[in-house]
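Trainee: My structure file protein15.cif, mmCIF, C-alpha atoms, is below:
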data_structure
loop_
_atom_site.label_atom_id
_atom_site.label_comp_id
_atom_site.auth_asym_id
_atom_site.auth_seq_id
_atom_site.Cartn_x
_atom_site.Cartn_y
_atom_site.Cartn_z
CA MET A 346 -95.82 -12.65 -80.98
CA THR A 347 -93.79 -12.27 -77.76
CA ASP A 348 -90.51 -13.19 -79.45
CA LEU A 349 -91.26 -11.85 -82.96
CA ASP A 350 -90.23 -8.21 -83.00
CA LEU A 351 -90.25 -5.76 -85.89
CA ASN A 352 -86.60 -6.46 -86.71
CA LEU A 353 -87.41 -10.12 -87.31
CA VAL A 354 -90.21 -9.13 -89.68
CA LYS A 355 -87.75 -6.92 -91.57
CA THR A 356 -85.26 -9.80 -91.67
CA PHE A 357 -87.86 -12.18 -93.08
CA VAL A 358 -88.93 -9.71 -95.79
CA LEU A 359 -85.33 -9.02 -96.84
CA LEU A 360 -84.42 -12.71 -96.87
CA TYR A 361 -87.34 -13.32 -99.20
CA GLU A 362 -86.42 -10.42 -101.49
CA THR A 363 -82.63 -10.87 -101.58
CA ARG A 364 -82.52 -14.68 -101.31
CA SER A 365 -79.29 -14.17 -99.36
CA VAL A 366 -78.28 -14.04 -95.69
CA THR A 367 -75.24 -11.95 -96.62
CA ARG A 368 -77.20 -9.30 -98.53
CA THR A 369 -79.87 -9.23 -95.81
CA ALA A 370 -77.18 -8.62 -93.18
CA GLU A 371 -75.69 -5.80 -95.26
CA ALA A 372 -79.10 -4.15 -95.74
CA LEU A 373 -79.79 -4.25 -91.99
CA PHE A 374 -76.23 -3.27 -91.02
CA LEU A 375 -75.79 -6.56 -89.16
CA THR A 376 -73.04 -9.15 -89.10
CA GLN A 377 -73.77 -12.33 -91.06
CA PRO A 378 -73.90 -14.45 -87.84
CA SER A 379 -76.54 -12.05 -86.46
CA ALA A 380 -78.66 -12.43 -89.60
CA SER A 381 -78.26 -16.23 -89.44
CA HIS A 382 -79.35 -16.16 -85.79
CA ALA A 383 -82.43 -14.12 -86.76
CA LEU A 384 -83.29 -16.73 -89.40
CA ARG A 385 -83.05 -19.48 -86.77
CA ARG A 386 -85.42 -17.52 -84.52
CA LEU A 387 -87.87 -17.13 -87.41
CA ARG A 388 -87.73 -20.87 -88.12
CA ARG A 389 -88.43 -21.71 -84.48
CA HIS A 390 -91.29 -19.24 -84.27
CA PHE A 391 -93.07 -20.46 -87.42
CA GLY A 392 -92.10 -24.12 -87.13
CA ASP A 393 -90.90 -24.16 -90.72
CA GLU A 394 -87.58 -23.98 -92.55
CA LEU A 395 -88.88 -20.87 -94.43
CA PHE A 396 -85.80 -20.78 -96.72
CA VAL A 397 -83.75 -23.69 -98.08
CA ARG A 398 -80.44 -23.51 -99.89
CA ALA A 399 -80.54 -23.82 -103.69
CA THR A 400 -78.17 -23.10 -106.57
CA GLU A 401 -79.77 -19.67 -107.09
CA GLY A 402 -79.55 -18.79 -103.37
CA LEU A 403 -82.18 -19.22 -100.68
CA ARG A 404 -85.46 -20.63 -101.97
CA PRO A 405 -88.60 -19.82 -99.94
CA THR A 406 -90.79 -22.67 -98.77
CA GLU A 407 -94.53 -22.76 -99.40
CA ALA A 408 -95.11 -21.31 -95.94
CA ALA A 409 -92.74 -18.41 -96.66
CA GLU A 410 -94.45 -17.79 -100.00
CA ARG A 411 -97.81 -17.52 -98.22
CA MET A 412 -96.54 -15.26 -95.47
CA TYR A 413 -94.40 -12.85 -97.48
CA PRO A 414 -97.13 -10.63 -99.03
CA ARG A 415 -98.90 -10.16 -95.68
CA LEU A 416 -95.76 -9.53 -93.66
CA ARG A 417 -94.43 -7.09 -96.24
CA GLN A 418 -97.74 -5.28 -96.25
CA ALA A 419 -97.79 -5.15 -92.45
CA LEU A 420 -94.29 -3.67 -92.51
CA GLU A 421 -95.41 -1.04 -95.03
CA VAL A 422 -98.38 -0.08 -92.85
CA ILE A 423 -96.18 0.31 -89.77
CA THR A 424 -93.63 2.37 -91.71
CA GLU A 425 -96.31 4.64 -93.18
CA THR A 426 -97.94 5.12 -89.78
CA VAL A 427 -94.66 5.99 -88.03
CA SER A 428 -93.64 8.38 -90.81
CA ASP A 429 -97.13 9.97 -90.91
CA GLU A 430 -97.77 8.72 -94.45
CA GLY A 431 -101.02 6.98 -93.58
CA THR A 432 -102.95 9.71 -95.38
CA PHE A 433 -102.31 11.14 -98.83
CA ASP A 434 -102.85 14.71 -100.00
CA PRO A 435 -101.85 14.94 -103.69
CA SER A 436 -101.45 18.71 -103.51
CA THR A 437 -98.68 18.50 -100.90
CA SER A 438 -97.25 14.98 -101.15
CA ARG A 439 -93.73 14.40 -102.45
CA ARG A 440 -94.24 10.72 -103.09
CA THR A 441 -92.57 8.89 -105.96
CA PHE A 442 -94.91 6.54 -107.82
CA ARG A 443 -93.51 3.49 -109.61
CA LEU A 444 -95.32 2.47 -112.80
CA SER A 445 -94.42 -0.50 -114.99
CA ALA A 446 -95.31 -0.31 -118.70
CA THR A 447 -93.95 -0.94 -122.18
CA ASP A 448 -92.39 1.90 -124.14
CA LEU A 449 -95.64 1.85 -126.13
CA GLY A 450 -97.52 2.49 -122.90
CA GLU A 451 -95.18 5.39 -122.19
CA LEU A 452 -95.78 6.85 -125.65
CA ILE A 453 -99.55 6.53 -125.69
CA LEU A 454 -100.64 6.65 -122.04
CA LEU A 455 -98.01 8.48 -120.01
CA PRO A 456 -98.62 12.01 -121.35
CA ALA A 457 -102.14 12.12 -119.92
CA VAL A 458 -100.99 10.67 -116.59
CA LEU A 459 -98.07 13.07 -116.30
CA ALA A 460 -100.27 16.08 -117.15
CA GLU A 461 -102.69 15.06 -114.40
CA LEU A 462 -99.82 14.64 -111.98
CA GLU A 463 -98.57 18.14 -112.81
CA ALA A 464 -102.01 19.62 -112.23
CA ARG A 465 -103.14 17.73 -109.13
CA ALA A 466 -99.93 16.41 -107.50
CA PRO A 467 -97.30 18.99 -108.44
CA HIS A 468 -94.64 17.78 -106.00
CA CYS A 469 -94.97 14.05 -106.77
CA ARG A 470 -92.69 12.14 -109.08
CA ILE A 471 -93.16 9.12 -111.29
CA GLU A 472 -90.67 6.42 -112.23
CA VAL A 473 -91.55 4.25 -115.21
CA THR A 474 -89.81 0.89 -115.45
CA PRO A 475 -89.83 -1.48 -118.46
CA LEU A 476 -92.57 -4.07 -118.31
CA ASP A 477 -91.65 -7.71 -117.83
CA SER A 478 -95.05 -9.35 -117.97
CA ALA A 479 -93.77 -12.60 -116.43
CA ALA A 480 -92.47 -10.78 -113.35
CA ALA A 481 -95.21 -8.15 -113.02
CA ALA A 482 -97.18 -9.82 -110.20
CA GLU A 483 -94.07 -10.30 -108.10
CA GLU A 484 -93.01 -6.70 -108.72
CA LEU A 485 -96.35 -5.55 -107.31
CA ARG A 486 -96.11 -7.87 -104.30
CA ARG A 487 -92.60 -6.70 -103.47
CA GLY A 488 -93.53 -3.03 -103.78
CA ARG A 489 -91.17 -2.49 -106.69
CA ALA A 490 -94.14 -1.28 -108.72
CA ASP A 491 -97.21 0.58 -107.49
CA ALA A 492 -99.09 -0.21 -110.69
CA VAL A 493 -98.62 -2.20 -113.90
CA ILE A 494 -100.25 -1.42 -117.25
CA CYS A 495 -100.30 -4.38 -119.62
CA THR A 496 -102.42 -6.58 -121.90
CA PRO A 497 -101.65 -10.04 -120.41
CA ARG A 498 -104.04 -10.92 -117.60
CA ILE A 499 -102.50 -11.25 -114.17
CA ASP A 500 -104.94 -13.69 -112.60
CA ALA A 501 -104.07 -13.83 -108.92
CA PRO A 502 -106.36 -13.27 -105.93
CA ASP A 503 -104.03 -10.65 -104.43
CA ILE A 504 -103.80 -8.58 -107.64
CA ARG A 505 -106.54 -6.14 -108.59
CA ARG A 506 -107.27 -5.68 -112.29
CA ASP A 507 -108.99 -2.56 -113.66
CA PRO A 508 -109.83 -2.71 -117.40
CA LEU A 509 -108.87 0.44 -119.30
CA PHE A 510 -109.76 -0.10 -122.96
CA GLN A 511 -109.92 -2.62 -125.81
CA GLU A 512 -107.07 -2.85 -128.29
CA ARG A 513 -106.76 -4.43 -131.73
CA TYR A 514 -103.71 -5.24 -133.85
CA VAL A 515 -102.75 -4.15 -137.37
CA GLY A 516 -99.80 -4.76 -139.64
CA LEU A 517 -97.10 -2.14 -140.25
CA ARG A 518 -95.17 -1.77 -143.53
CA ALA A 519 -93.09 0.76 -145.39
CA THR A 520 -95.23 3.21 -147.37
CA ASP A 521 -93.57 2.15 -150.62
CA HIS A 522 -93.44 -1.58 -149.86
CA PRO A 523 -93.20 -3.30 -153.27
CA ARG A 524 -95.36 -6.33 -152.46
CA ILE A 525 -97.65 -5.74 -149.47
CA GLY A 526 -100.77 -3.66 -150.02
CA ASP A 527 -103.64 -2.74 -147.74
CA ARG A 528 -105.13 -6.27 -147.62
CA PRO A 529 -102.52 -8.94 -148.34
CA GLU A 530 -103.37 -12.62 -148.61
CA LEU A 531 -102.03 -14.96 -145.92
CA GLY A 532 -99.54 -16.50 -148.34
CA GLU A 533 -98.22 -13.07 -149.32
CA TYR A 534 -97.88 -12.11 -145.68
CA LEU A 535 -96.04 -15.28 -144.68
CA ALA A 536 -93.65 -14.96 -147.63
CA GLU A 537 -92.24 -11.78 -146.07
CA ARG A 538 -89.78 -11.44 -143.19
CA HIS A 539 -90.81 -9.82 -139.92
CA ILE A 540 -89.64 -7.84 -136.89
CA ALA A 541 -91.11 -8.80 -133.52
CA VAL A 542 -91.08 -7.12 -130.12
CA ALA A 543 -89.75 -9.24 -127.24
CA ALA A 544 -92.29 -11.43 -125.48
CA ALA A 545 -91.66 -9.65 -122.16
CA ALA A 546 -93.77 -6.76 -123.48
CA GLY A 547 -96.76 -9.10 -123.54
CA HIS A 548 -97.82 -8.53 -127.16
CA VAL A 549 -97.59 -12.11 -128.41
CA ASP A 550 -101.12 -12.55 -129.74
CA ALA A 551 -100.21 -12.56 -133.45
CA ASP A 552 -97.65 -15.32 -133.08
CA GLN A 553 -99.95 -17.36 -130.85
CA VAL A 554 -102.71 -17.24 -133.48
CA LEU A 555 -100.31 -18.13 -136.30
CA ALA A 556 -98.82 -20.97 -134.26
CA ARG A 557 -102.30 -22.46 -133.82
CA LEU A 558 -102.78 -22.18 -137.58
CA GLY A 559 -99.43 -23.88 -138.15
CA HIS A 560 -97.94 -20.83 -139.90
CA PRO A 561 -95.09 -19.24 -137.90
CA ARG A 562 -93.68 -15.91 -139.06
CA ASP A 563 -90.16 -15.71 -140.49
CA ILE A 564 -88.80 -13.34 -137.84
CA VAL A 565 -85.51 -11.72 -138.79
CA ALA A 566 -85.14 -9.63 -135.62
CA HIS A 567 -86.49 -9.42 -132.08
CA VAL A 568 -86.30 -5.95 -130.53
CA PRO A 569 -87.00 -4.93 -126.92
CA HIS A 570 -89.06 -1.80 -127.70
CA PHE A 571 -91.88 -0.70 -129.99
CA ALA A 572 -90.48 2.79 -130.57
CA VAL A 573 -87.80 1.55 -132.96
CA LEU A 574 -90.27 -0.25 -135.25
CA PRO A 575 -91.30 2.67 -137.52
CA GLU A 576 -87.72 3.42 -138.58
CA LEU A 577 -86.81 -0.25 -139.00
CA VAL A 578 -89.90 -0.97 -141.08
CA ALA A 579 -89.50 2.20 -143.16
CA ARG A 580 -85.92 1.35 -144.12
CA THR A 581 -86.53 -2.32 -144.97
CA GLY A 582 -89.07 -4.62 -146.54
CA TYR A 583 -89.82 -6.19 -143.17
CA LEU A 584 -93.26 -6.21 -141.56
CA ALA A 585 -94.41 -5.78 -137.96
CA VAL A 586 -97.57 -6.17 -135.89
CA VAL A 587 -98.53 -3.21 -133.69
CA PRO A 588 -101.47 -2.14 -131.50
CA SER A 589 -103.82 0.22 -133.34
CA ARG A 590 -103.43 3.00 -130.74
CA ALA A 591 -99.78 3.38 -131.78
CA VAL A 592 -100.57 3.99 -135.44
CA ARG A 593 -100.84 7.77 -135.31
CA ALA A 594 -97.52 8.16 -133.53
CA PHE A 595 -95.80 5.65 -135.81
CA THR A 596 -97.01 7.21 -139.07
CA ARG A 597 -95.80 10.61 -137.83
CA ALA A 598 -92.40 9.20 -136.96
CA ALA A 599 -91.55 7.53 -140.30
CA PRO A 600 -92.93 6.83 -143.80
CA VAL A 601 -94.94 3.75 -142.80
CA ARG A 602 -98.52 2.61 -143.32
CA THR A 603 -100.78 0.04 -141.73
CA PHE A 604 -102.48 -2.89 -143.40
CA THR A 605 -105.19 -5.36 -142.43
CA LEU A 606 -103.73 -8.60 -141.11
CA PRO A 607 -104.79 -11.68 -143.14
CA PHE A 608 -105.84 -13.58 -140.01
CA ASP A 609 -108.10 -12.77 -137.08
CA ILE A 610 -106.61 -11.69 -133.75
CA PRO A 611 -109.18 -11.24 -131.00
CA THR A 612 -109.19 -7.79 -129.45
CA VAL A 613 -107.26 -7.57 -126.21
CA GLU A 614 -107.98 -5.62 -123.07
CA VAL A 615 -105.40 -3.26 -121.64
CA ALA A 616 -105.69 -3.12 -117.86
CA LEU A 617 -104.17 -1.54 -114.80
CA HIS A 618 -102.99 -3.96 -112.12
CA THR A 619 -102.39 -3.06 -108.47
CA TYR A 620 -101.72 -5.08 -105.34
CA ARG A 621 -104.71 -5.79 -103.07
CA ARG A 622 -103.83 -4.67 -99.55
CA THR A 623 -105.57 -5.71 -96.35
CA LEU A 624 -105.29 -2.14 -95.12
CA PRO A 625 -105.74 0.78 -97.53
CA ALA A 626 -102.80 2.50 -99.18
CA PRO A 627 -104.18 5.99 -99.89
CA ALA A 628 -101.43 7.05 -102.31
CA VAL A 629 -101.66 3.92 -104.45
CA GLU A 630 -105.45 4.10 -104.42
CA TRP A 631 -105.26 7.73 -105.64
CA LEU A 632 -102.93 6.63 -108.45
CA ARG A 633 -105.23 3.75 -109.39
CA ALA A 634 -108.31 5.96 -109.47
CA THR A 635 -106.46 8.66 -111.43
CA VAL A 636 -105.08 6.32 -114.10
CA THR A 637 -108.31 4.37 -114.58
CA GLY A 638 -110.31 7.59 -114.76
CA LEU A 639 -108.01 9.14 -117.33
CA LEU A 640 -107.33 6.19 -119.58
CA ALA A 641 -110.75 4.56 -119.48
CA SER A 642 -112.37 7.88 -120.42
CA SER A 643 -109.87 8.51 -123.24
CA HIS A 644 -111.06 5.48 -125.22
#
As structure tokens, what does this structure read like?
Mentor:
Amino acid sequence: MTDLDLNLVKTFVLLYETRSVTRTAEALFLTQPSASHALRRLRRHFGDELFVRATEGLRPTEAAERMYPRLRQALEVITETVSDEGTFDPSTSRRTFRLSATDLGELILLPAVLAELEARAPHCRIEVTPLDSAAAAEELRRGRADAVICTPRIDAPDIRRDPLFQERYVGLRATDHPRIGDRPELGEYLAERHIAVAAAAGHVDADQVLARLGHPRDIVAHVPHFAVLPELVARTGYLAVVPSRAVRAFTRAAPVRTFTLPFDIPTVEVALHTYRRTLPAPAVEWLRATVTGLLASSH
């Protein structure tokens, strides 16, 4: 460690996150040659290339991939200790929490979380970012999200998963739909056209089941958010698949009704995901305990 100072750790973390010597230099207020020299020092110290040039920028080696989460976490611990953020008092903290969820998660789950924040952490803030289920684990590792709420499992040893509740899916149709009743047959269902929410939201179970059955839906539109579905379904003859917890909000928003899907979709588990740290992060742990306590008990 004699020649690996804190600035080199910062350089490594930024190189990993930006994939660019130029952007790393700008973030550290260094010249590009200085950042390149720091990279050479890192390579000598670890005996590995760490980053190799690729069309998309610098690509981390396997060694860099292994080291990044621990070095980033170590940097966070040092920063929190120096800034006296090693403890967390919700009644006085002014921390901003970053939560990743779908717009459906915002609609159904955020009100309870925000009310608890107002009551117990009145000076804290919360930023909700759109869920990209494929990138969720990396967002947690990089500290871009403190917590992620989603249905897809993030199975990684450095990601903690706290189950919140079980969810099932139902069909959504216009109240006066001329052909689809409360229990349509599979043939009737497949004869209609459909609206689907983008796969990044993680709700792909219906299409996965139908694909295994060899019966894909005729999807006329993919939309990025759930919130637009009630109006789209109400104004057309199109159908959608939605989680049952959204039904009350959707039927209040537009003249739509649910129906029983003519195929079985296993129930899914909505869970909260957080990054496992070697040393505790009191603020994130408070958020994790708060969200799991609220949402698990609301089932």
Trainee: Considering only C-alpha atoms, state which residue in the set A:Leu449, A:Leu454, A:Val515, A:Ala419 is at the smallest distance from A:Arg528.
Mentor: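 With only C-alpha atoms as the atom set, the closest residue is A:Val515.
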Trainee: Assuming the chain letters and numbering stay as they are in my file, what does the PyMOL selection byres ((chain A and resi 586) around 6) actually select? List them as a JSON list (two decimals) with C-alpha atoms, in the coordinates of the input.
Mentor:
[["chain", "number", "residue", "atom", "x", "y", "z"],
["A", 515, "VAL", "CA", -102.75, -4.15, -137.37],
["A", 516, "GLY", "CA", -99.80, -4.76, -139.64],
["A", 517, "LEU", "CA", -97.10, -2.14, -140.25],
["A", 585, "ALA", "CA", -94.41, -5.78, -137.96],
["A", 587, "VAL", "CA", -98.53, -3.21, -133.69]]
Trainee: Using all atoms listed in the file, which residues sit within 10 Å of A:Ile499 once same-chain residues fewer than 3 positions away are excluded, as JSON, numbers by chain?
Mentor: {"A": [478, 479, 481, 482, 493, 495, 496, 502, 503, 504, 505, 506, 616, 617, 618, 619]}
Trainee: Under the PyMOL selection byres ((chain A and resi 407) around 10), which residues of this model are included? Write them out as number ranges by chain.
Mentor: A: 393-396, 404-406, 408-412
Trainee: Env of stretch 574-582 of chain A: 6 Å cut, atoms = only C-alpha atoms, seq-sep filter 3 positions within chain, self excluded. Answer as a ChimeraX atom specification.
Mentor: /A:518-519,571,595,599-601
Trainee: Would you kindly translate the PyMOL selection byres ((chain A and resi 448) around 7) into the concrete residues it picks from this file, as a PyMOL selection string?
Mentor: chain A and resi 446-447+449-452+570-572
Trainee: Return the single residue from A:Thr437, A:Ser445, A:Thr356, A:Thr424 that is closest to A:Ala492, with distances computed using all atoms listed in the file.
Mentor: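 Once distances to A:Ala492 are computed over all atoms listed in the file, the minimum belongs to A:Ser445.
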Trainee: Quick one: which stretch 452-523 of chain A residues come within 12 Å of stretch 362-376 of chain A, and what is the nearest atom pair for each with the distance in Å to one decimal, counting all atoms listed in the file, rows ordered by chain and ascending number, as JSON lines?
Mentor:
{"residue": "A:Glu483", "atom": "CA", "partner": "A:Glu362", "partner_atom": "CA", "distance": 10.1}
{"residue": "A:Glu484", "atom": "CA", "partner": "A:Glu362", "partner_atom": "CA", "distance": 10.5}
{"residue": "A:Arg486", "atom": "CA", "partner": "A:Glu362", "partner_atom": "CA", "distance": 10.4}
{"residue": "A:Arg487", "atom": "CA", "partner": "A:Glu362", "partner_atom": "CA", "distance": 7.5}
{"residue": "A:Gly488", "atom": "CA", "partner": "A:Glu362", "partner_atom": "CA", "distance": 10.5}
{"residue": "A:Arg489", "atom": "CA", "partner": "A:Glu362", "partner_atom": "CA", "distance": 10.6}
Trainee: Would you work out the distance separating atom CA of A:Tyr514 from atom CA of A:Val568, expressed in Å to one decimal?
Mentor: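 Value for the atom CA of A:Tyr514-atom CA of A:Val568 distance: 17.7 Å.
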Trainee: Rank nothing, just name the residue among A:Gln418, A:Thr603, A:Ser589, A:Thr432 nearest to A:Tyr620, using only C-alpha atoms.
Mentor: A:Gln418
Trainee: State, in Å with one decimal place, the distance from atom CA of A:Arg465 to atom CA of A:Leu632.
Mentor: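 Distance between the two atoms: 11.1 Å.
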Trainee: Between atom CA of A:Gly638 and atom CA of A:Val613, measure the distance and give it in Å to one decimal.
Mentor: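 Straight-line distance from atom CA of A:Gly638 to atom CA of A:Val613 works out to 19.2 Å.
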Trainee: Report as a Markdown table the residues of stretch 425-528 of chain A within 12 Å of stretch 628-631 of chain A, each with its shortest atom pair and distance in Å (one decimal), using only C-alpha atoms, ordered by chain and increasing residue number.
Mentor:
| residue | atom | partner | partner_atom | distance |
| --- | --- | --- | --- | --- |
| A:Glu425 | CA | A:Ala628 | CA | 10.7 |
| A:Glu430 | CA | A:Ala628 | CA | 8.8 |
| A:Gly431 | CA | A:Ala628 | CA | 8.7 |
| A:Thr432 | CA | A:Ala628 | CA | 7.6 |
| A:Phe433 | CA | A:Ala628 | CA | 5.4 |
| A:Asp434 | CA | A:Ala628 | CA | 8.1 |
| A:Pro435 | CA | A:Ala628 | CA | 8.0 |
| A:Ser436 | CA | A:Ala628 | CA | 11.7 |
| A:Thr437 | CA | A:Ala628 | CA | 11.9 |
| A:Ser438 | CA | A:Ala628 | CA | 9.0 |
| A:Arg439 | CA | A:Ala628 | CA | 10.6 |
| A:Arg440 | CA | A:Ala628 | CA | 8.1 |
| A:Thr441 | CA | A:Ala628 | CA | 9.8 |
| A:Phe442 | CA | A:Val629 | CA | 8.0 |
| A:Arg443 | CA | A:Val629 | CA | 9.7 |
| A:Leu444 | CA | A:Val629 | CA | 10.6 |
| A:Glu461 | CA | A:Trp631 | CA | 11.7 |
| A:Leu462 | CA | A:Trp631 | CA | 10.8 |
| A:Arg465 | CA | A:Trp631 | CA | 10.8 |
| A:Ala466 | CA | A:Trp631 | CA | 10.4 |
| A:Cys469 | CA | A:Ala628 | CA | 10.5 |
| A:Leu485 | CA | A:Val629 | CA | 11.2 |
| A:Gly488 | CA | A:Val629 | CA | 10.7 |
| A:Ala490 | CA | A:Val629 | CA | 10.1 |
| A:Asp491 | CA | A:Val629 | CA | 6.3 |
| A:Ala492 | CA | A:Val629 | CA | 7.9 |
| A:Val493 | CA | A:Val629 | CA | 11.7 |
| A:Arg505 | CA | A:Glu630 | CA | 11.1 |
| A:Asp507 | CA | A:Glu630 | CA | 11.9 |
Trainee: For a cut-off of 6 Å around (-110.3, -2.7, -125.4), file coordinates, pick out all residues using all atoms listed in the file and list them as a list in words.
Mentor: Phe510, Gln511, Glu512, Val613 and Glu614 of chain A
Trainee: Given 4 Å of margin on each side, can you work out the centre and size in Å (one decimal) of an axis-aligned box holding every listed atom of stretch 379-398 of chain A, as JSON?
Mentor:
{"center_x": -84.8, "center_y": -18.1, "center_z": -92.1, "size_x": 24.5, "size_y": 20.1, "size_z": 23.6}
Trainee: Mind checking which residues fall within 7 Å of A:Val565, counting only C-alpha atoms, ignoring those fewer than 6 positions away in the same chain, and posting them as a list in words?
Mentor: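 After dropping sequence-adjacent residues, the list is Arg538, His539 and Ile540 of chain A.
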Trainee: Please provide the set of residues having any atom within 12 Å of stretch 608-610 of chain A, restricted to only C-alpha atoms, with same-chain residues fewer than 5 positions apart removed, written as a list in words.
Mentor: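 What passes the distance filter is Glu512, Arg513, Tyr514, Val515, Gly516, Arg528, Pro529, Glu530, Leu531, Gly532, Tyr534, Leu535, His548, Val549, Asp550, Ala551, Asp552, Gln553, Val554, Leu555, Ala556, Arg557, Leu558, His560, Val586, Val587 and Pro588 of chain A.
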Trainee: Identify which of the residues A:Val573, A:Pro523, A:His382, A:Ala626 lies closest to A:Ala598, counting all atoms listed in the file when measuring atom-to-atom distances.
Mentor: A:Val573
Trainee: Select, from A:Leu455, A:Val354, A:Pro378, A:Arg524, the residue with the minimum atom-to-atom distance to A:Ile494, counting all atoms listed in the file.
Mentor: A:Leu455
Trainee: Can you give me N, CA and C atoms for stretch 489-505 of chain A, written as a CSV table (one decimal), in the coordinates of the input?
Mentor:
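The resulting file, result.csv, is reproduced below:
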chain,number,residue,atom,x,y,z
A,489,ARG,N,-92.1,-3.1,-105.7
A,489,ARG,CA,-91.2,-2.5,-106.7
A,489,ARG,C,-91.9,-1.7,-107.8
A,490,ALA,N,-93.2,-2.0,-107.8
A,490,ALA,CA,-94.1,-1.3,-108.7
A,490,ALA,C,-95.4,-1.0,-108.0
A,491,ASP,N,-95.9,0.2,-108.1
A,491,ASP,CA,-97.2,0.6,-107.5
A,491,ASP,C,-98.3,0.2,-108.4
A,492,ALA,N,-98.1,0.2,-109.7
A,492,ALA,CA,-99.1,-0.2,-110.7
A,492,ALA,C,-98.4,-0.7,-111.9
A,493,VAL,N,-99.1,-1.6,-112.6
A,493,VAL,CA,-98.6,-2.2,-113.9
A,493,VAL,C,-99.7,-2.0,-114.9
A,494,ILE,N,-99.3,-1.5,-116.1
A,494,ILE,CA,-100.2,-1.4,-117.2
A,494,ILE,C,-99.8,-2.4,-118.3
A,495,CYS,N,-100.7,-3.4,-118.6
A,495,CYS,CA,-100.3,-4.4,-119.6
A,495,CYS,C,-101.5,-5.0,-120.2
A,496,THR,N,-101.3,-5.8,-121.3
A,496,THR,CA,-102.4,-6.6,-121.9
A,496,THR,C,-102.6,-8.0,-121.3
A,497,PRO,N,-101.5,-8.7,-121.0
A,497,PRO,CA,-101.6,-10.0,-120.4
A,497,PRO,C,-102.4,-9.9,-119.1
A,498,ARG,N,-103.3,-10.9,-118.9
A,498,ARG,CA,-104.0,-10.9,-117.6
A,498,ARG,C,-103.1,-11.4,-116.5
A,499,ILE,N,-103.2,-10.8,-115.4
A,499,ILE,CA,-102.5,-11.2,-114.2
A,499,ILE,C,-103.6,-11.8,-113.3
A,500,ASP,N,-103.8,-13.1,-113.3
A,500,ASP,CA,-104.9,-13.7,-112.6
A,500,ASP,C,-104.4,-14.2,-111.3
A,501,ALA,N,-104.5,-13.4,-110.3
A,501,ALA,CA,-104.1,-13.8,-108.9
A,501,ALA,C,-105.0,-13.2,-107.9
A,502,PRO,N,-105.4,-13.8,-106.9
A,502,PRO,CA,-106.4,-13.3,-105.9
A,502,PRO,C,-105.9,-12.0,-105.2
A,503,ASP,N,-104.5,-11.8,-105.1
A,503,ASP,CA,-104.0,-10.6,-104.4
A,503,ASP,C,-103.7,-9.5,-105.4
A,504,ILE,N,-104.0,-9.6,-106.7
A,504,ILE,CA,-103.8,-8.6,-107.6
A,504,ILE,C,-105.1,-8.1,-108.2
A,505,ARG,N,-105.3,-6.8,-108.1
A,505,ARG,CA,-106.5,-6.1,-108.6
A,505,ARG,C,-106.3,-5.7,-110.0
